[in-house]
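Dumped final.cif below, it's mmCIF, C-alpha atoms and all ligand atoms; chains and numbers go by the auth columns:
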data_data
#
loop_
_atom_site.group_PDB
_atom_site.id
_atom_site.type_symbol
_atom_site.label_atom_id
_atom_site.label_comp_id
_atom_site.label_asym_id
_atom_site.label_seq_id
_atom_site.Cartn_x
_atom_site.Cartn_y
_atom_site.Cartn_z
_atom_site.B_iso_or_equiv
_atom_site.auth_seq_id
_atom_site.auth_asym_id
ATOM 1 C CA MET A 1 32.019 40.512 -11.944 0.00 1 T
ATOM 2 C CA VAL A 2 35.485 41.493 -13.174 0.00 2 T
ATOM 3 C CA LYS A 3 37.935 38.863 -11.925 0.00 3 T
ATOM 4 C CA LYS A 4 40.532 40.232 -9.481 0.00 4 T
ATOM 5 C CA GLU A 5 43.450 38.866 -11.498 0.00 5 T
ATOM 6 C CA HIS A 6 42.171 40.768 -14.529 0.00 6 T
ATOM 7 C CA MET A 7 41.906 44.120 -12.769 0.00 7 T
ATOM 8 C CA LYS A 8 45.583 45.014 -13.121 0.00 8 T
ATOM 9 C CA ILE A 9 45.703 44.018 -16.784 0.00 9 T
ATOM 10 C CA LEU A 10 42.465 45.807 -17.544 0.00 10 T
ATOM 11 C CA HIS A 11 43.662 48.929 -15.757 0.00 11 T
ATOM 12 C CA SER A 12 46.777 49.048 -17.887 0.00 12 T
ATOM 13 C CA SER A 13 44.970 48.182 -21.097 0.00 13 T
ATOM 14 C CA LYS A 14 44.595 51.209 -23.327 0.00 14 T
ATOM 15 C CA SER A 15 42.066 49.242 -25.388 0.00 15 T
ATOM 16 C CA MET A 16 39.464 49.839 -22.640 0.00 16 T
ATOM 17 C CA GLU A 17 39.502 53.583 -22.986 0.00 17 T
ATOM 18 C CA TRP A 18 37.737 54.229 -26.282 0.00 18 T
ATOM 19 C CA GLU A 19 36.141 57.374 -24.963 0.00 19 T
ATOM 20 C CA THR A 20 32.853 58.423 -26.539 0.00 20 T
ATOM 21 C CA PRO A 21 33.447 61.625 -28.534 0.00 21 T
ATOM 22 C CA ASP A 22 31.422 64.568 -27.255 0.00 22 T
ATOM 23 C CA TYR A 23 29.665 65.133 -30.584 0.00 23 T
ATOM 24 C CA ILE A 24 28.209 61.641 -30.406 0.00 24 T
ATOM 25 C CA PHE A 25 27.323 61.641 -26.727 0.00 25 T
ATOM 26 C CA ASN A 26 25.782 65.132 -26.854 0.00 26 T
ATOM 27 C CA LYS A 27 23.493 64.224 -29.749 0.00 27 T
ATOM 28 C CA LEU A 28 22.301 61.054 -28.013 0.00 28 T
ATOM 29 C CA ASN A 29 22.004 62.822 -24.671 0.00 29 T
ATOM 30 C CA LYS A 30 19.729 65.476 -26.212 0.00 30 T
ATOM 31 C CA GLU A 31 17.412 62.675 -27.222 0.00 31 T
ATOM 32 C CA PHE A 32 17.575 60.494 -24.075 0.00 32 T
ATOM 33 C CA ASN A 33 18.718 62.672 -21.129 0.00 33 T
ATOM 34 C CA PHE A 34 20.943 60.048 -19.596 0.00 34 T
ATOM 35 C CA THR A 35 21.196 59.740 -15.811 0.00 35 T
ATOM 36 C CA LEU A 36 23.792 56.967 -15.427 0.00 36 T
ATOM 37 C CA ASP A 37 27.105 55.998 -17.017 0.00 37 T
ATOM 38 C CA PRO A 38 27.877 52.648 -15.351 0.00 38 T
ATOM 39 C CA CYS A 39 31.256 52.067 -17.010 0.00 39 T
ATOM 40 C CA ALA A 40 33.594 54.988 -16.678 0.00 40 T
ATOM 41 C CA THR A 41 36.472 56.610 -14.894 0.00 41 T
ATOM 42 C CA LYS A 42 36.277 59.869 -12.985 0.00 42 T
ATOM 43 C CA ASP A 43 37.822 61.548 -16.034 0.00 43 T
ATOM 44 C CA ASN A 44 35.708 60.109 -18.842 0.00 44 T
ATOM 45 C CA ALA A 45 32.308 59.776 -17.101 0.00 45 T
ATOM 46 C CA LYS A 46 29.450 61.076 -19.233 0.00 46 T
ATOM 47 C CA CYS A 47 26.913 61.536 -16.427 0.00 47 T
ATOM 48 C CA ASP A 48 27.071 62.961 -12.900 0.00 48 T
ATOM 49 C CA LYS A 49 26.170 59.493 -11.683 0.00 49 T
ATOM 50 C CA TYR A 50 28.704 56.914 -12.799 0.00 50 T
ATOM 51 C CA TYR A 51 30.488 53.760 -11.714 0.00 51 T
ATOM 52 C CA THR A 52 34.130 52.917 -12.165 0.00 52 T
ATOM 53 C CA MET A 53 35.971 49.628 -12.371 0.00 53 T
ATOM 54 C CA GLU A 54 36.537 49.767 -8.602 0.00 54 T
ATOM 55 C CA ASP A 55 32.761 50.105 -8.042 0.00 55 T
ATOM 56 C CA ASP A 56 32.173 47.421 -10.673 0.00 56 T
ATOM 57 C CA GLY A 57 29.220 48.893 -12.527 0.00 57 T
ATOM 58 C CA LEU A 58 28.196 45.447 -13.709 0.00 58 T
ATOM 59 C CA THR A 59 27.128 44.489 -10.183 0.00 59 T
ATOM 60 C CA LYS A 60 25.185 47.714 -9.519 0.00 60 T
ATOM 61 C CA ASP A 61 21.460 48.327 -9.820 0.00 61 T
ATOM 62 C CA TRP A 62 20.650 50.317 -12.988 0.00 62 T
ATOM 63 C CA SER A 63 16.870 50.057 -12.715 0.00 63 T
ATOM 64 C CA GLY A 64 14.923 53.241 -13.277 0.00 64 T
ATOM 65 C CA GLU A 65 17.919 55.127 -14.658 0.00 65 T
ATOM 66 C CA ILE A 66 18.382 56.220 -18.264 0.00 66 T
ATOM 67 C CA VAL A 67 21.613 54.449 -18.975 0.00 67 T
ATOM 68 C CA PHE A 68 24.367 55.206 -21.469 0.00 68 T
ATOM 69 C CA ILE A 69 26.936 52.467 -22.026 0.00 69 T
ATOM 70 C CA ASN A 70 30.120 52.495 -24.018 0.00 70 T
ATOM 71 C CA PRO A 71 31.405 49.257 -22.519 0.00 71 T
ATOM 72 C CA PRO A 72 34.997 48.265 -21.883 0.00 72 T
ATOM 73 C CA TYR A 73 36.534 46.271 -24.707 0.00 73 T
ATOM 74 C CA GLY A 74 38.750 43.241 -24.324 0.00 74 T
ATOM 75 C CA MET A 75 38.098 39.736 -23.047 0.00 75 T
ATOM 76 C CA TYR A 76 36.625 38.607 -19.711 0.00 76 T
ATOM 77 C CA ASP A 77 37.971 35.093 -20.231 0.00 77 T
ATOM 78 C CA CYS A 78 39.106 33.097 -23.260 0.00 78 T
ATOM 79 C CA ARG A 79 35.505 32.736 -24.536 0.00 79 T
ATOM 80 C CA THR A 80 33.616 35.772 -23.324 0.00 80 T
ATOM 81 C CA SER A 81 34.196 39.383 -24.285 0.00 81 T
ATOM 82 C CA LEU A 82 33.576 42.181 -21.803 0.00 82 T
ATOM 83 C CA VAL A 83 31.146 43.774 -24.285 0.00 83 T
ATOM 84 C CA GLU A 84 29.055 40.604 -24.103 0.00 84 T
ATOM 85 C CA LEU A 85 28.771 40.852 -20.294 0.00 85 T
ATOM 86 C CA TRP A 86 27.585 44.456 -20.501 0.00 86 T
ATOM 87 C CA ILE A 87 25.111 43.781 -23.305 0.00 87 T
ATOM 88 C CA LYS A 88 23.691 40.787 -21.425 0.00 88 T
ATOM 89 C CA LYS A 89 23.179 42.943 -18.338 0.00 89 T
ATOM 90 C CA ALA A 90 21.673 45.746 -20.469 0.00 90 T
ATOM 91 C CA TYR A 91 19.159 43.312 -21.939 0.00 91 T
ATOM 92 C CA GLU A 92 18.299 41.863 -18.512 0.00 92 T
ATOM 93 C CA VAL A 93 17.847 45.227 -16.801 0.00 93 T
ATOM 94 C CA SER A 94 15.821 46.624 -19.704 0.00 94 T
ATOM 95 C CA GLN A 95 13.156 43.988 -19.136 0.00 95 T
ATOM 96 C CA ASP A 96 11.730 46.103 -16.283 0.00 96 T
ATOM 97 C CA GLY A 97 11.325 49.132 -18.610 0.00 97 T
ATOM 98 C CA THR A 98 14.702 50.749 -17.939 0.00 98 T
ATOM 99 C CA ILE A 99 15.975 52.488 -21.075 0.00 99 T
ATOM 100 C CA ILE A 100 19.548 51.573 -21.987 0.00 100 T
ATOM 101 C CA VAL A 101 21.509 52.908 -24.945 0.00 101 T
ATOM 102 C CA CYS A 102 24.769 51.214 -25.893 0.00 102 T
ATOM 103 C CA LEU A 103 27.531 52.322 -28.230 0.00 103 T
ATOM 104 C CA ILE A 104 29.306 49.144 -29.316 0.00 104 T
ATOM 105 C CA PRO A 105 31.264 47.623 -32.189 0.00 105 T
ATOM 106 C CA ALA A 106 28.930 46.367 -34.940 0.00 106 T
ATOM 107 C CA ARG A 107 30.207 42.799 -34.660 0.00 107 T
ATOM 108 C CA THR A 108 27.031 41.302 -36.001 0.00 108 T
ATOM 109 C CA ASP A 109 28.389 37.770 -36.134 0.00 109 T
ATOM 110 C CA THR A 110 28.900 37.499 -32.375 0.00 110 T
ATOM 111 C CA LEU A 111 26.657 35.410 -30.133 0.00 111 T
ATOM 112 C CA TYR A 112 25.647 38.389 -28.011 0.00 112 T
ATOM 113 C CA TRP A 113 24.314 40.203 -31.058 0.00 113 T
ATOM 114 C CA HIS A 114 22.229 37.149 -31.896 0.00 114 T
ATOM 115 C CA ASN A 115 21.200 36.299 -28.332 0.00 115 T
ATOM 116 C CA TYR A 116 20.400 39.740 -26.913 0.00 116 T
ATOM 117 C CA ILE A 117 20.411 42.450 -29.586 0.00 117 T
ATOM 118 C CA PHE A 118 18.603 41.042 -32.606 0.00 118 T
ATOM 119 C CA PRO A 119 15.793 39.552 -30.520 0.00 119 T
ATOM 120 C CA TYR A 120 15.363 42.221 -27.837 0.00 120 T
ATOM 121 C CA ALA A 121 16.687 45.623 -28.943 0.00 121 T
ATOM 122 C CA ALA A 122 14.055 48.183 -29.884 0.00 122 T
ATOM 123 C CA GLN A 123 16.394 49.886 -32.310 0.00 123 T
ATOM 124 C CA ILE A 124 19.726 49.280 -33.944 0.00 124 T
ATOM 125 C CA ARG A 125 21.358 52.345 -35.433 0.00 125 T
ATOM 126 C CA PHE A 126 24.258 51.468 -37.704 0.00 126 T
ATOM 127 C CA ILE A 127 26.687 54.360 -37.732 0.00 127 T
ATOM 128 C CA LYS A 128 27.823 55.659 -41.083 0.00 128 T
ATOM 129 C CA ARG A 129 31.612 55.746 -41.397 0.00 129 T
ATOM 130 C CA ARG A 130 34.090 54.987 -38.608 0.00 130 T
ATOM 131 C CA ILE A 131 33.974 56.778 -35.275 0.00 131 T
ATOM 132 C CA LYS A 132 37.056 58.607 -34.142 0.00 132 T
ATOM 133 C CA PHE A 133 37.458 57.667 -30.472 0.00 133 T
ATOM 134 C CA ARG A 134 39.634 59.527 -28.007 0.00 134 T
ATOM 135 C CA ARG A 135 42.416 57.429 -26.499 0.00 135 T
ATOM 136 C CA ASP A 136 45.137 59.015 -24.398 0.00 136 T
ATOM 137 C CA GLY A 137 44.094 62.446 -25.609 0.00 137 T
ATOM 138 C CA VAL A 138 44.350 61.515 -29.295 0.00 138 T
ATOM 139 C CA LEU A 139 41.444 61.059 -31.704 0.00 139 T
ATOM 140 C CA ASP A 140 41.882 57.764 -33.516 0.00 140 T
ATOM 141 C CA SER A 141 39.673 56.099 -36.147 0.00 141 T
ATOM 142 C CA ALA A 142 38.186 52.864 -34.818 0.00 142 T
ATOM 143 C CA PRO A 143 39.314 49.719 -36.641 0.00 143 T
ATOM 144 C CA PHE A 144 35.711 48.475 -36.445 0.00 144 T
ATOM 145 C CA PRO A 145 32.249 49.749 -37.429 0.00 145 T
ATOM 146 C CA SER A 146 29.986 50.866 -34.592 0.00 146 T
ATOM 147 C CA ALA A 147 26.299 50.833 -33.773 0.00 147 T
ATOM 148 C CA VAL A 148 23.987 52.376 -31.221 0.00 148 T
ATOM 149 C CA ILE A 149 21.683 49.844 -29.586 0.00 149 T
ATOM 150 C CA VAL A 150 18.526 51.013 -27.843 0.00 150 T
ATOM 151 C CA PHE A 151 16.876 48.730 -25.320 0.00 151 T
ATOM 152 C CA ASN A 152 13.446 50.186 -24.618 0.00 152 T
ATOM 153 C CA GLN A 153 10.508 47.953 -23.779 0.00 153 T
ATOM 154 C CA GLU A 154 7.963 50.586 -24.734 0.00 154 T
ATOM 155 C CA LEU A 155 9.330 50.880 -28.263 0.00 155 T
ATOM 156 C CA TRP A 156 9.789 47.144 -28.569 0.00 156 T
ATOM 157 C CA GLN A 157 6.179 46.127 -28.987 0.00 157 T
ATOM 158 C CA TYR A 158 6.481 43.661 -31.762 0.00 158 T
ATOM 159 C CA ARG A 159 7.154 40.259 -30.259 0.00 159 T
ATOM 160 C CA VAL A 160 7.606 37.164 -32.347 0.00 160 T
ATOM 161 C CA PRO A 161 6.500 33.666 -31.385 0.00 161 T
ATOM 162 C CA GLU A 162 8.961 31.366 -29.643 0.00 162 T
ATOM 163 C CA ASN A 163 11.212 29.413 -31.987 0.00 163 T
ATOM 164 C CA SER A 164 10.628 31.651 -34.967 0.00 164 T
ATOM 165 C CA LEU A 165 13.234 33.948 -36.423 0.00 165 T
ATOM 166 C CA HIS A 166 13.526 37.152 -34.441 0.00 166 T
ATOM 167 C CA HIS A 167 12.741 40.487 -35.993 0.00 167 T
ATOM 168 C CA ILE A 168 13.902 43.933 -35.192 0.00 168 T
ATOM 169 C CA LYS A 169 11.386 46.720 -34.907 0.00 169 T
ATOM 170 C CA GLN A 170 13.697 49.428 -36.182 0.00 170 T
ATOM 171 C CA CYS A 171 17.026 49.143 -37.884 0.00 171 T
ATOM 172 C CA VAL A 172 18.403 52.373 -39.294 0.00 172 T
ATOM 173 C CA SER A 173 21.450 54.081 -40.680 0.00 173 T
ATOM 174 C CA THR A 174 22.611 57.036 -38.631 0.00 174 T
ATOM 175 C CA GLU A 175 25.293 59.665 -38.981 0.00 175 T
ATOM 176 C CA PHE A 176 27.097 61.762 -36.404 0.00 176 T
ATOM 177 C CA LYS A 177 28.870 64.882 -37.591 0.00 177 T
ATOM 178 C CA LEU A 178 31.565 66.782 -35.767 0.00 178 T
ATOM 179 C CA GLY A 179 30.299 70.151 -34.626 0.00 179 T
ATOM 180 C CA VAL A 180 26.608 69.342 -35.179 0.00 180 T
HETATM 181 C C1 LIG B . 35.097 52.399 -23.549 0.00 201 T
HETATM 182 S S1 LIG B . 35.386 53.216 -22.045 0.00 201 T
HETATM 183 C C2 LIG B . 34.030 54.344 -21.996 0.00 201 T
HETATM 184 C C3 LIG B . 34.236 55.429 -21.016 0.00 201 T
HETATM 185 C C4 LIG B . 33.117 56.491 -20.923 0.00 201 T
HETATM 186 N N1 LIG B . 31.964 55.965 -20.278 0.00 201 T
HETATM 187 C C5 LIG B . 32.759 57.002 -22.292 0.00 201 T
HETATM 188 O O1 LIG B . 31.665 56.738 -22.782 0.00 201 T
HETATM 189 O O2 LIG B . 33.596 57.684 -22.876 0.00 201 T
HETATM 190 C C6 LIG B . 34.888 51.955 -20.901 0.00 201 T
HETATM 191 C C7 LIG B . 35.165 52.337 -19.452 0.00 201 T
HETATM 192 O O3 LIG B . 34.696 51.306 -18.573 0.00 201 T
HETATM 193 C C8 LIG B . 35.528 51.285 -17.433 0.00 201 T
HETATM 194 N N2 LIG B . 35.307 49.978 -16.786 0.00 201 T
HETATM 195 C C9 LIG B . 35.899 48.793 -17.064 0.00 201 T
HETATM 196 N N3 LIG B . 35.392 47.820 -16.285 0.00 201 T
HETATM 197 C C10 LIG B . 34.455 48.409 -15.496 0.00 201 T
HETATM 198 C C11 LIG B . 33.578 47.934 -14.476 0.00 201 T
HETATM 199 N N4 LIG B . 33.574 46.644 -14.129 0.00 201 T
HETATM 200 N N5 LIG B . 32.739 48.800 -13.891 0.00 201 T
HETATM 201 C C12 LIG B . 32.739 50.115 -14.249 0.00 201 T
HETATM 202 N N6 LIG B . 33.551 50.629 -15.203 0.00 201 T
HETATM 203 C C13 LIG B . 34.393 49.783 -15.822 0.00 201 T
HETATM 204 C C14 LIG B . 36.915 51.513 -18.011 0.00 201 T
HETATM 205 O O4 LIG B . 37.794 52.029 -17.032 0.00 201 T
HETATM 206 C C15 LIG B . 36.640 52.515 -19.129 0.00 201 T
HETATM 207 O O5 LIG B . 36.818 53.824 -18.665 0.00 201 T
#
Here is a file; write its structure as structure tokens.
Amino acid sequence: MVKKEHMKILHSSKSMEWETPDYIFNKLNKEFNFTLDPCATKDNAKCDKYYTMEDDGLTKDWSGEIVFINPPYGMYDCRTSLVELWIKKAYEVSQDGTIIVCLIPARTDTLYWHNYIFPYAAQIRFIKRRIKFRRDGVLDSAPFPSAVIVFNQELWQYRVPENSLHHIKQCVSTEFKLGV
């Protein structure tokens, strides 16, 4: 899925490596018990089972896993962000009942939020304050707000008729605290 000519650039791009802080992952992991991190490196993988850029986690089968995604940032091409590709796949895979939790920028104006998250996510958890991500060993405040998206067919029972405005079942404010 990732174009060959982009691999070198993406590898060198520090913007990809917004590592999930432990205090956030651990709290979510307590709740979900994740089994797969499909976008990782050997060093930042959050689960024993993970895929790296060389594996190309986007092309792998995630069905039946409990998936945690903090997707790579940056652009796939001049119109499509990498986050969009991962959210589209998360939505598609979740249709068979696979539970997928995504930590992404709260860019609520983007098409992928409107095409895949607002209509199909079971929960959107808007995170209070900015996350401090680890990049190159340094904790740095994100220049964007973040949200946790939960795709879970069992929770998402309320379906709206075709062509009507979509509704979200649960939309909440959440807070992660260092050391908690
Ligand atoms: C934002 S970081 C998150 C890393 C880690 N999973 C975490 O939560 O801290 C995104 C990761 O996706 C990796 N990545 C980029 N493209 C990928 C691909 N096609 N398949 C698998 N991993 C990829 C990057 O190397 C980077 O480590």
Exercise for review: Kindly resolve the PyMOL selection byres (((not hetatm)) within 7 of (chain T and resi 201)) on the present coordinates and return the residues as a PyMOL selection string.
Suggested key: chain T and resi 1-2+11+16-21+37-41+44-46+51-58+69-73
Got time to write the residues from that selection, C-alpha atoms, as a PDB file, in the frame of the given file?
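Produced file result-v7.pdb, reproduced below:
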ATOM      1  CA  MET T   1      32.019  40.512 -11.944  1.00  0.00           C
ATOM      2  CA  VAL T   2      35.485  41.493 -13.174  1.00  0.00           C
ATOM      3  CA  HIS T  11      43.662  48.929 -15.757  1.00  0.00           C
ATOM      4  CA  MET T  16      39.464  49.839 -22.640  1.00  0.00           C
ATOM      5  CA  GLU T  17      39.502  53.583 -22.986  1.00  0.00           C
ATOM      6  CA  TRP T  18      37.737  54.229 -26.282  1.00  0.00           C
ATOM      7  CA  GLU T  19      36.141  57.374 -24.963  1.00  0.00           C
ATOM      8  CA  THR T  20      32.853  58.423 -26.539  1.00  0.00           C
ATOM      9  CA  PRO T  21      33.447  61.625 -28.534  1.00  0.00           C
ATOM     10  CA  ASP T  37      27.105  55.998 -17.017  1.00  0.00           C
ATOM     11  CA  PRO T  38      27.877  52.648 -15.351  1.00  0.00           C
ATOM     12  CA  CYS T  39      31.256  52.067 -17.010  1.00  0.00           C
ATOM     13  CA  ALA T  40      33.594  54.988 -16.678  1.00  0.00           C
ATOM     14  CA  THR T  41      36.472  56.610 -14.894  1.00  0.00           C
ATOM     15  CA  ASN T  44      35.708  60.109 -18.842  1.00  0.00           C
ATOM     16  CA  ALA T  45      32.308  59.776 -17.101  1.00  0.00           C
ATOM     17  CA  LYS T  46      29.450  61.076 -19.233  1.00  0.00           C
ATOM     18  CA  TYR T  51      30.488  53.760 -11.714  1.00  0.00           C
ATOM     19  CA  THR T  52      34.130  52.917 -12.165  1.00  0.00           C
ATOM     20  CA  MET T  53      35.971  49.628 -12.371  1.00  0.00           C
ATOM     21  CA  GLU T  54      36.537  49.767  -8.602  1.00  0.00           C
ATOM     22  CA  ASP T  55      32.761  50.105  -8.042  1.00  0.00           C
ATOM     23  CA  ASP T  56      32.173  47.421 -10.673  1.00  0.00           C
ATOM     24  CA  GLY T  57      29.220  48.893 -12.527  1.00  0.00           C
ATOM     25  CA  LEU T  58      28.196  45.447 -13.709  1.00  0.00           C
ATOM     26  CA  ILE T  69      26.936  52.467 -22.026  1.00  0.00           C
ATOM     27  CA  ASN T  70      30.120  52.495 -24.018  1.00  0.00           C
ATOM     28  CA  PRO T  71      31.405  49.257 -22.519  1.00  0.00           C
ATOM     29  CA  PRO T  72      34.997  48.265 -21.883  1.00  0.00           C
ATOM     30  CA  TYR T  73      36.534  46.271 -24.707  1.00  0.00           C
TER      31      TYR T  73
END
Contacts of stretch 58-133 of chain T with stretch 24-34 of chain T up to 7 Å, shortest pair per row, all atoms listed in the file, as JSON lines:
{"residue": "T:Ile66", "atom": "CA", "partner": "T:Phe34", "partner_atom": "CA", "distance": 4.8}
{"residue": "T:Val67", "atom": "CA", "partner": "T:Phe34", "partner_atom": "CA", "distance": 5.7}
{"residue": "T:Phe68", "atom": "CA", "partner": "T:Phe34", "partner_atom": "CA", "distance": 6.2}
Practice item. Tell me, in Å to one decimal, how far atom CA of T:Arg134 is from atom CA of T:Asp43. Key: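 Value for the atom CA of T:Arg134-atom CA of T:Asp43 distance: 12.3 Å.
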Practice item. Translate the PyMOL selection byres (((chain T and resi 127) around 10) and not hetatm), as applied to the file shown, into an explicit residue set as a list in words. Key: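 Evaluating the PyMOL selection byres (((chain T and resi 127) around 10) and not hetatm) on these coordinates yields Leu103, Pro105, Ala106, Ile124, Arg125, Phe126, Lys128, Arg129, Arg130, Ile131, Pro145, Ser146, Ala147, Val148, Val172, Ser173, Thr174, Glu175 and Phe176 of chain T.
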Practice item. Record the distance separating atom CA of T:Glu154 and atom CA of T:Gln170, expressed in Å with one decimal. Key: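 Between atom CA of T:Glu154 and atom CA of T:Gln170 the gap is 12.9 Å.
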Exercise for review: Please provide as number ranges by chain all residues within 12 Å of T:Asn115, with the sequence filter that same-chain residues fewer than 3 positions apart are discarded (counting all atoms listed in the file).
Suggested key: T: 84-85, 87-88, 91-92, 108-112, 118-121, 165-166
Find the residues around T:Val93 up to 7 Å (all atoms listed in the file counted), leave out those fewer than 3 positions away in its own chain, and share them as a PDB file with C-alpha atoms, keeping the file's coordinate frame.
ATOM      1  CA  TRP T  62      20.650  50.317 -12.988  1.00  0.00           C
ATOM      2  CA  SER T  63      16.870  50.057 -12.715  1.00  0.00           C
ATOM      3  CA  LYS T  89      23.179  42.943 -18.338  1.00  0.00           C
ATOM      4  CA  ALA T  90      21.673  45.746 -20.469  1.00  0.00           C
ATOM      5  CA  ASP T  96      11.730  46.103 -16.283  1.00  0.00           C
ATOM      6  CA  THR T  98      14.702  50.749 -17.939  1.00  0.00           C
TER       7      THR T  98
END
**Study point:** Separation of atom CA of T:Ser94 from atom CA of T:Val150, in Å and rounded to one decimal
**Key:**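 Pair atom CA of T:Ser94 / atom CA of T:Val150 returns 9.6 Å.
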Could you give me the centre and size, in Å to one decimal, of an axis-aligned box around all listed atoms of stretch 115-130 of chain T with 3 Å added on every side, as AutoDock Vina command-line options?
--center_x 24.1 --center_y 46.0 --center_z -34.2 --size_x 26.0 --size_y 25.4 --size_z 20.5
Point to revise | Shortest interatomic distance to T:Lys60 - which of T:Leu155, T:Val83, T:Val138, T:Leu36, counting all atoms listed in the file | key: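 When distances to T:Lys60 are compared using all atoms listed in the file, the smallest one comes from T:Leu36.
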